[in-house]
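Enquirer: Take a look at start_28.cif, mmCIF, C-alpha atoms:
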data_start
loop_
_atom_site.label_atom_id
_atom_site.label_comp_id
_atom_site.auth_asym_id
_atom_site.auth_seq_id
_atom_site.Cartn_x
_atom_site.Cartn_y
_atom_site.Cartn_z
CA MET P 1 -20.44 156.32 -2.45
CA HIS P 2 -22.30 154.00 -4.80
CA ILE P 3 -20.16 152.89 -7.74
CA TRP P 4 -22.90 153.87 -10.21
CA LEU P 5 -22.83 157.41 -8.81
CA GLY P 6 -19.07 157.56 -9.43
CA PHE P 7 -19.63 156.67 -13.09
CA ALA P 8 -22.51 159.17 -13.35
CA ILE P 9 -20.29 161.94 -11.96
CA LEU P 10 -17.51 160.92 -14.38
CA ALA P 11 -19.99 161.29 -17.28
CA LEU P 12 -21.11 164.66 -15.88
CA PHE P 13 -17.46 165.79 -15.68
CA LEU P 14 -16.53 164.68 -19.22
CA TRP P 15 -19.70 166.10 -20.79
CA GLY P 16 -19.08 169.33 -18.88
CA ILE P 17 -15.64 169.67 -20.49
CA THR P 18 -17.24 169.21 -23.90
CA GLY P 19 -19.22 172.40 -23.23
CA VAL P 20 -15.91 174.28 -23.50
CA THR P 21 -14.27 172.23 -26.29
CA GLN P 22 -17.42 172.47 -28.41
CA LYS P 23 -17.38 176.25 -28.06
CA LEU P 24 -13.66 176.36 -28.92
CA SER P 25 -14.47 174.34 -32.04
CA THR P 26 -17.50 176.32 -33.26
CA ASN P 27 -15.55 179.57 -32.74
CA ARG P 28 -13.46 178.44 -35.71
CA ILE P 29 -15.56 176.10 -37.86
CA SER P 30 -19.26 175.71 -38.72
CA SER P 31 -21.57 173.74 -36.43
CA GLU P 32 -22.12 171.20 -39.25
CA ARG P 33 -18.40 170.54 -39.67
CA SER P 34 -17.99 170.42 -35.89
CA PHE P 35 -20.80 167.86 -35.61
CA LEU P 36 -19.26 165.81 -38.44
CA TRP P 37 -15.91 165.58 -36.66
CA PHE P 38 -17.67 164.88 -33.38
CA CYS P 39 -19.23 161.83 -35.10
CA VAL P 40 -15.91 160.83 -36.67
CA ALA P 41 -14.27 160.90 -33.23
CA MET P 42 -17.11 158.83 -31.82
CA ALA P 43 -16.55 156.24 -34.55
CA ALA P 44 -12.78 156.26 -33.93
CA LEU P 45 -13.35 155.71 -30.22
CA SER P 46 -15.61 152.79 -31.00
CA GLY P 47 -12.86 151.34 -33.20
CA VAL P 48 -10.48 151.47 -30.24
CA VAL P 49 -13.13 149.91 -27.98
CA LEU P 50 -13.63 147.11 -30.49
CA VAL P 51 -9.91 146.27 -30.57
CA VAL P 52 -8.92 146.89 -26.95
CA ALA P 53 -11.92 146.26 -24.72
CA ARG P 54 -13.26 143.06 -26.28
CA PRO P 55 -16.95 143.71 -25.70
CA HIS P 56 -19.19 140.86 -24.65
CA TRP P 57 -21.60 139.84 -27.41
CA GLY P 58 -24.42 137.31 -27.40
CA ILE P 59 -27.16 139.84 -26.80
CA GLY P 60 -30.85 139.77 -27.63
CA PRO P 61 -32.56 141.72 -30.42
CA VAL P 62 -34.41 144.04 -28.02
CA VAL P 63 -31.15 145.09 -26.39
CA VAL P 64 -29.51 145.63 -29.80
CA LEU P 65 -32.50 147.72 -30.87
CA CYS P 66 -32.38 149.82 -27.68
CA SER P 67 -28.62 150.41 -27.93
CA VAL P 68 -28.79 151.48 -31.59
CA ALA P 69 -31.86 153.59 -30.78
CA GLY P 70 -29.78 155.27 -28.07
CA GLY P 71 -27.34 156.52 -30.72
CA VAL P 72 -30.13 157.62 -33.04
CA LEU P 73 -32.08 159.43 -30.29
CA ASN P 74 -29.05 161.18 -28.82
CA GLY P 75 -27.65 162.17 -32.20
CA LEU P 76 -31.02 163.42 -33.48
CA GLY P 77 -31.48 165.30 -30.20
CA ALA P 78 -28.21 167.14 -30.78
CA TRP P 79 -29.39 168.01 -34.30
CA THR P 80 -32.85 169.23 -33.19
CA SER P 81 -31.24 171.35 -30.46
CA PHE P 82 -29.14 173.07 -33.16
CA ARG P 83 -32.28 173.56 -35.23
CA ALA P 84 -34.08 175.11 -32.23
CA LEU P 85 -31.29 177.67 -31.86
CA GLU P 86 -31.16 178.33 -35.61
CA SER P 87 -34.95 178.78 -35.81
CA GLY P 88 -34.94 182.00 -33.86
CA GLY P 89 -35.23 180.71 -30.31
CA LYS P 90 -33.31 182.72 -27.73
CA ALA P 91 -30.39 180.62 -26.47
CA SER P 92 -31.26 181.21 -22.81
CA ILE P 93 -34.84 180.03 -23.34
CA VAL P 94 -34.07 177.12 -25.67
CA ILE P 95 -31.27 175.69 -23.51
CA SER P 96 -33.30 176.13 -20.31
CA LEU P 97 -36.27 174.40 -21.91
CA ILE P 98 -34.13 171.55 -23.23
CA SER P 99 -32.70 171.09 -19.72
CA LEU P 100 -36.08 169.63 -18.81
CA TYR P 101 -35.31 166.39 -20.67
CA PRO P 102 -34.38 164.38 -17.52
CA LEU P 103 -37.90 165.07 -16.25
CA LEU P 104 -39.25 163.01 -19.18
CA THR P 105 -36.74 160.23 -18.43
CA VAL P 106 -37.90 160.17 -14.80
CA ILE P 107 -41.58 160.05 -15.81
CA LEU P 108 -41.00 157.30 -18.40
CA ALA P 109 -38.80 155.25 -16.03
CA VAL P 110 -41.43 155.42 -13.28
CA LEU P 111 -44.33 154.65 -15.61
CA LEU P 112 -42.75 152.06 -17.93
CA LEU P 113 -39.92 150.50 -15.91
CA GLY P 114 -41.63 150.65 -12.52
CA GLU P 115 -38.75 152.54 -10.91
CA ARG P 116 -39.53 154.01 -7.51
CA LEU P 117 -37.92 157.10 -6.02
CA THR P 118 -37.76 157.94 -2.33
CA TRP P 119 -38.96 161.39 -1.31
CA VAL P 120 -35.35 162.47 -0.86
CA GLN P 121 -34.44 161.24 -4.37
CA THR P 122 -37.53 162.93 -5.83
CA ALA P 123 -36.45 166.19 -4.22
CA GLY P 124 -32.92 165.63 -5.53
CA ALA P 125 -34.15 164.97 -9.09
CA LEU P 126 -36.32 168.11 -9.07
CA LEU P 127 -33.46 170.19 -7.63
CA ALA P 128 -31.09 168.80 -10.29
CA ILE P 129 -33.45 169.83 -13.08
CA ALA P 130 -33.97 173.26 -11.49
CA ALA P 131 -30.18 173.65 -11.15
CA ALA P 132 -29.60 172.73 -14.80
CA ILE P 133 -32.18 175.34 -15.86
CA LEU P 134 -30.65 178.05 -13.64
CA LEU P 135 -27.16 177.30 -14.97
CA SER P 136 -28.49 177.75 -18.51
CA LEU P 137 -30.41 180.97 -17.89
CA GLU P 138 -27.50 183.24 -18.71
CA ALA P 139 -25.52 183.31 -21.93
CA PRO P 140 -23.07 180.41 -22.37
CA PRO P 141 -19.48 181.13 -21.32
CA LYS P 142 -17.65 183.30 -23.82
CA VAL P 143 -14.45 181.52 -24.70
CA LYS P 144 -11.34 183.41 -25.69
CA GLY P 145 -9.10 181.46 -27.96
CA MET U 1 -41.50 180.24 -39.21
CA HIS U 2 -44.26 178.28 -37.55
CA VAL U 3 -45.68 174.78 -37.53
CA GLN U 4 -49.31 175.54 -38.30
CA SER U 5 -52.61 173.86 -37.64
CA ARG U 6 -56.17 175.18 -37.94
CA SER U 7 -56.46 176.43 -34.37
CA TRP U 8 -52.97 177.22 -33.07
CA ARG U 9 -49.44 178.03 -34.14
CA LEU U 10 -46.35 176.51 -32.62
CA PRO U 11 -43.14 178.51 -33.08
CA LEU U 12 -40.60 176.43 -34.93
CA TRP U 13 -37.92 176.89 -32.27
CA LEU U 14 -40.39 175.58 -29.65
CA PHE U 15 -41.20 172.58 -31.84
CA TRP U 16 -37.49 171.69 -32.17
CA SER U 17 -36.94 172.26 -28.43
CA LEU U 18 -39.81 169.94 -27.52
CA ALA U 19 -38.50 167.38 -30.02
CA THR U 20 -35.12 167.54 -28.28
CA ILE U 21 -36.74 166.90 -24.90
CA VAL U 22 -38.57 163.87 -26.30
CA LEU U 23 -35.46 162.48 -28.03
CA TRP U 24 -33.05 162.93 -25.11
CA GLY U 25 -35.66 161.99 -22.51
CA THR U 26 -36.38 158.73 -24.36
CA TRP U 27 -32.64 158.10 -24.81
CA GLY U 28 -32.32 157.71 -21.01
CA LEU U 29 -35.14 155.18 -21.00
CA VAL U 30 -33.85 152.98 -23.84
CA SER U 31 -30.34 153.10 -22.37
CA LYS U 32 -31.64 151.71 -19.09
CA ILE U 33 -33.50 148.92 -20.92
CA ALA U 34 -30.34 148.08 -22.88
CA SER U 35 -28.17 148.10 -19.72
CA ALA U 36 -29.87 144.91 -18.55
CA GLY U 37 -28.39 142.89 -21.40
CA VAL U 38 -25.23 144.50 -22.78
CA ASP U 39 -21.94 145.80 -21.39
CA ALA U 40 -20.86 149.42 -21.82
CA TYR U 41 -18.35 148.60 -24.58
CA ALA U 42 -20.77 146.68 -26.82
CA ASN U 43 -23.34 149.41 -26.17
CA GLN U 44 -20.87 152.04 -27.36
CA LEU U 45 -20.40 150.15 -30.62
CA LEU U 46 -24.13 149.77 -31.19
CA TYR U 47 -24.72 153.39 -30.16
CA THR U 48 -22.17 154.46 -32.78
CA ALA U 49 -23.99 152.36 -35.37
CA GLY U 50 -27.04 154.48 -34.59
CA ILE U 51 -25.04 157.66 -35.16
CA LEU U 52 -23.60 156.59 -38.55
CA PRO U 53 -26.62 157.80 -40.59
CA LEU U 54 -26.22 161.19 -38.91
CA LEU U 55 -22.52 161.16 -39.73
CA ALA U 56 -23.41 160.59 -43.39
CA PHE U 57 -26.00 163.39 -43.25
CA ALA U 58 -23.50 165.77 -41.62
CA ALA U 59 -20.87 164.90 -44.24
CA TRP U 60 -23.39 165.56 -47.02
CA THR U 61 -24.36 168.91 -45.44
CA VAL U 62 -20.72 170.00 -45.12
CA TRP U 63 -20.03 168.95 -48.71
CA LYS U 64 -23.11 170.82 -49.98
CA ARG U 65 -22.19 174.01 -48.14
CA ARG U 66 -18.47 173.90 -48.89
CA GLY U 67 -17.14 177.35 -49.51
CA VAL U 68 -20.44 178.98 -48.52
CA ALA U 69 -20.20 179.20 -44.74
CA GLY U 70 -18.12 181.96 -43.29
CA GLU U 71 -15.30 179.73 -42.11
CA ARG U 72 -11.79 181.05 -42.12
CA ARG U 73 -9.18 178.57 -43.30
CA GLU U 74 -6.50 179.57 -40.80
CA GLY U 75 -8.36 178.35 -37.74
CA ARG U 76 -9.83 175.24 -39.30
CA ARG U 77 -7.27 172.71 -38.07
CA ILE U 78 -7.56 173.91 -34.51
CA GLY U 79 -11.34 173.90 -34.80
CA LEU U 80 -11.29 170.33 -36.09
CA PHE U 81 -9.02 169.31 -33.22
CA TRP U 82 -11.46 170.69 -30.64
CA ALA U 83 -14.41 169.05 -32.42
CA PHE U 84 -12.58 165.71 -32.45
CA LEU U 85 -11.68 166.06 -28.77
CA THR U 86 -15.35 166.85 -28.05
CA GLY U 87 -16.30 163.56 -29.71
CA ILE U 88 -13.73 161.57 -27.71
CA LEU U 89 -14.76 163.15 -24.40
CA GLY U 90 -18.43 162.76 -25.28
CA GLY U 91 -17.91 159.12 -26.19
CA VAL U 92 -16.03 158.29 -22.99
CA GLY U 93 -18.77 160.17 -21.15
CA ASN U 94 -21.31 157.91 -22.86
CA LEU U 95 -19.36 154.87 -21.65
CA ALA U 96 -19.44 156.20 -18.08
CA PHE U 97 -23.16 157.06 -18.35
CA PHE U 98 -23.97 153.57 -19.54
CA GLN U 99 -21.71 151.95 -16.93
CA ALA U 100 -23.64 153.88 -14.24
CA LEU U 101 -26.83 152.23 -15.52
CA VAL U 102 -25.18 148.78 -15.77
CA LYS U 103 -23.90 149.09 -12.19
CA GLY U 104 -27.42 149.51 -10.84
CA GLY U 105 -28.15 153.21 -11.11
CA SER U 106 -31.79 153.78 -12.01
CA ALA U 107 -32.58 155.89 -15.07
CA SER U 108 -34.69 158.21 -12.93
CA VAL U 109 -31.62 159.13 -10.85
CA VAL U 110 -28.71 158.82 -13.32
CA ALA U 111 -30.39 161.06 -15.93
CA PRO U 112 -30.88 164.05 -13.58
CA VAL U 113 -27.34 163.66 -12.14
CA THR U 114 -25.62 163.57 -15.54
CA ALA U 115 -27.80 166.43 -16.81
CA LEU U 116 -25.91 168.62 -14.32
CA PHE U 117 -22.89 168.70 -16.66
CA PRO U 118 -23.21 172.50 -17.16
CA VAL U 119 -21.82 172.74 -13.61
CA VAL U 120 -18.43 171.63 -14.90
CA THR U 121 -18.60 173.89 -17.96
CA VAL U 122 -19.43 176.88 -15.78
CA LEU U 123 -16.68 176.05 -13.26
CA LEU U 124 -14.08 175.59 -16.03
CA ALA U 125 -15.06 178.94 -17.51
CA LEU U 126 -14.78 180.48 -14.04
CA ILE U 127 -11.36 178.97 -13.24
CA PHE U 128 -9.54 178.92 -16.58
CA LEU U 129 -11.26 181.62 -18.60
CA LYS U 130 -11.64 184.03 -15.68
CA GLU U 131 -15.30 184.57 -16.46
CA ARG U 132 -17.75 185.99 -13.96
CA LEU U 133 -20.88 184.17 -12.84
CA GLY U 134 -24.25 185.82 -12.35
CA GLY U 135 -26.26 185.38 -9.20
CA VAL U 136 -28.61 182.94 -10.90
CA GLN U 137 -25.71 180.69 -11.93
CA TRP U 138 -24.27 180.70 -8.40
CA LEU U 139 -27.69 179.62 -7.16
CA GLY U 140 -27.73 176.90 -9.83
CA LEU U 141 -24.30 175.66 -8.72
CA ALA U 142 -25.41 175.50 -5.08
CA LEU U 143 -28.61 173.64 -5.99
CA ALA U 144 -26.62 171.22 -8.15
CA PHE U 145 -24.39 170.14 -5.26
CA VAL U 146 -27.38 169.76 -2.94
CA ALA U 147 -29.13 167.69 -5.64
CA ILE U 148 -26.16 165.35 -6.08
CA TYR U 149 -26.02 164.85 -2.32
CA LEU U 150 -29.75 164.09 -2.09
CA LEU U 151 -29.63 161.70 -5.06
CA SER U 152 -26.69 159.83 -3.54
CA VAL U 153 -28.42 159.15 -0.21
#
Here is the file; what I need is its structure written in the form of structure tokens.

Expert:
Amino acid sequence: MHIWLGFAILALFLWGITGVTQKLSTNRISSERSFLWFCVAMAALSGVVLVVARPHWGIGPVVVLCSVAGGVLNGLGAWTSFRALESGGKASIVISLISLYPLLTVILAVLLLGERLTWVQTAGALLAIAAAILLSLEAPPKVKG
Amino acid sequence: MHVQSRSWRLPLWLFWSLATIVLWGTWGLVSKIASAGVDAYANQLLYTAGILPLLAFAAWTVWKRRGVAGERREGRRIGLFWAFLTGILGGVGNLAFFQALVKGGSASVVAPVTALFPVVTVLLALIFLKERLGGVQWLGLALAFVAIYLLSV
């Protein structure tokens, strides 16, 4: 197995667990307070990374801009997804629609970064997006706690 | 509520959904560009810098709505614990996502693979919460495993 795939599956696994912990949180506190503490934890983790991992600096302005933009885009995306649900969209439709976001990444990466997919990878990417939509079509798991 | 123009009306929920697709879809692209020049740890720090304005906004929103929302006090500590754990897991997940890009994974493959995270949520709910899956979700699970196999070839 490629090492990058191992890391991708690790991310998938950890983000998958957050689907349950997030629900356990919002069962008890508001989504705003939950998001606030999510951000606080993210900042705390970065504090640990700063002390323990000794990141390598000496990076160019474009890279800095892209990394910071990553935080802005992902954080704003979480906020707009909440807004979509609060604005009257049915959860099954909103979440299924949002699951299409990797399709945009694929299109942008092919067009702007010149990435090339084999036919097998193209089929895999389309299946992955279809799978994410199907998994979102029914109501999210109801957590007892 | 609708976002209006002269000739058509876009439901607000659809507008926010499309905005989410654009924001998260572009996030994958900028992360890949960044992965060429920064390690996962430095990226996590810079990423967090990008989140700080949102943290301030969320804090302001919570402060403004204090005492208004229907939160019960008794469950708050547990709720905060789960929210904090969500942030830690999400952050470590970000590190892994970025490391996948640094280690040579292309954005057009890593993004669809990591977007399959509902597989884990659904399986956890099935195993630990004894929930039942519908036929559509079983089909989604099966497709997800086939997709991961195809993307790994």

Enquirer: List the residues selected by the PyMOL selection byres ((chain U and resi 125-142) around 9) in the file shown, writing them as a PyMOL selection string.

Expert: (chain P and resi 20+128+130-138+141-144) or (chain U and resi 119-124+143-147)

Enquirer: For the selection just defined, write its residues with C-alpha atoms to a file, as an mmCIF file, in the frame of the given file.

Expert:
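out.cif was written with the following content:
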data_model
loop_
_atom_site.group_PDB
_atom_site.id
_atom_site.type_symbol
_atom_site.label_atom_id
_atom_site.label_comp_id
_atom_site.auth_asym_id
_atom_site.auth_seq_id
_atom_site.Cartn_x
_atom_site.Cartn_y
_atom_site.Cartn_z
ATOM 1 C CA VAL P 20 -15.910 174.280 -23.500
ATOM 2 C CA ALA P 128 -31.090 168.800 -10.290
ATOM 3 C CA ALA P 130 -33.970 173.260 -11.490
ATOM 4 C CA ALA P 131 -30.180 173.650 -11.150
ATOM 5 C CA ALA P 132 -29.600 172.730 -14.800
ATOM 6 C CA ILE P 133 -32.180 175.340 -15.860
ATOM 7 C CA LEU P 134 -30.650 178.050 -13.640
ATOM 8 C CA LEU P 135 -27.160 177.300 -14.970
ATOM 9 C CA SER P 136 -28.490 177.750 -18.510
ATOM 10 C CA LEU P 137 -30.410 180.970 -17.890
ATOM 11 C CA GLU P 138 -27.500 183.240 -18.710
ATOM 12 C CA PRO P 141 -19.480 181.130 -21.320
ATOM 13 C CA LYS P 142 -17.650 183.300 -23.820
ATOM 14 C CA VAL P 143 -14.450 181.520 -24.700
ATOM 15 C CA LYS P 144 -11.340 183.410 -25.690
ATOM 16 C CA VAL U 119 -21.820 172.740 -13.610
ATOM 17 C CA VAL U 120 -18.430 171.630 -14.900
ATOM 18 C CA THR U 121 -18.600 173.890 -17.960
ATOM 19 C CA VAL U 122 -19.430 176.880 -15.780
ATOM 20 C CA LEU U 123 -16.680 176.050 -13.260
ATOM 21 C CA LEU U 124 -14.080 175.590 -16.030
ATOM 22 C CA LEU U 143 -28.610 173.640 -5.990
ATOM 23 C CA ALA U 144 -26.620 171.220 -8.150
ATOM 24 C CA PHE U 145 -24.390 170.140 -5.260
ATOM 25 C CA VAL U 146 -27.380 169.760 -2.940
ATOM 26 C CA ALA U 147 -29.130 167.690 -5.640
#

Enquirer: Taking the file as shown, what set of residues would the PyMOL selection byres ((chain U and resi 18) around 10) give back, as a VMD selection string?

Expert: (chain P and resid 77 80 to 81 84 94 97 to 98 100 to 101) or (chain U and resid 12 to 17 19 to 23)

Enquirer: Since I can't run it myself right now, could you work out what the PyMOL selection byres ((chain P and resi 23) around 12) selects here and report it as number ranges by chain?

Expert: P: 16-22, 24-31, 34-35, 140-145; U: 78-80, 82-83, 85-86, 121, 125

Enquirer: Rounded to one decimal in Å, what is the spacing between CA of Gly104 in chain U and CA of Ala34 in chain U?

Expert: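 CA of Gly104 in chain U sits 12.5 Å away from CA of Ala34 in chain U.
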
Enquirer: Which one of U:Val153, U:Leu46, U:Leu116, U:Leu29 sits closest to Val68 in chain P if you count only C-alpha atoms?

Expert: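 Ranking U:Val153, U:Leu46, U:Leu116, U:Leu29 by distance to Val68 in chain P, first place goes to U:Leu46.
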
Enquirer: Which polymer residues have any atom within 8 Å of an atom of Leu73 in chain P, counting all atoms listed in the file, with same-chain residues fewer than 2 positions away left out, as a list in words?

Expert: Ala69, Gly70, Gly71, Gly75, Leu76 and Gly77 of chain P; Leu23, Trp24, Thr26 and Trp27 of chain U
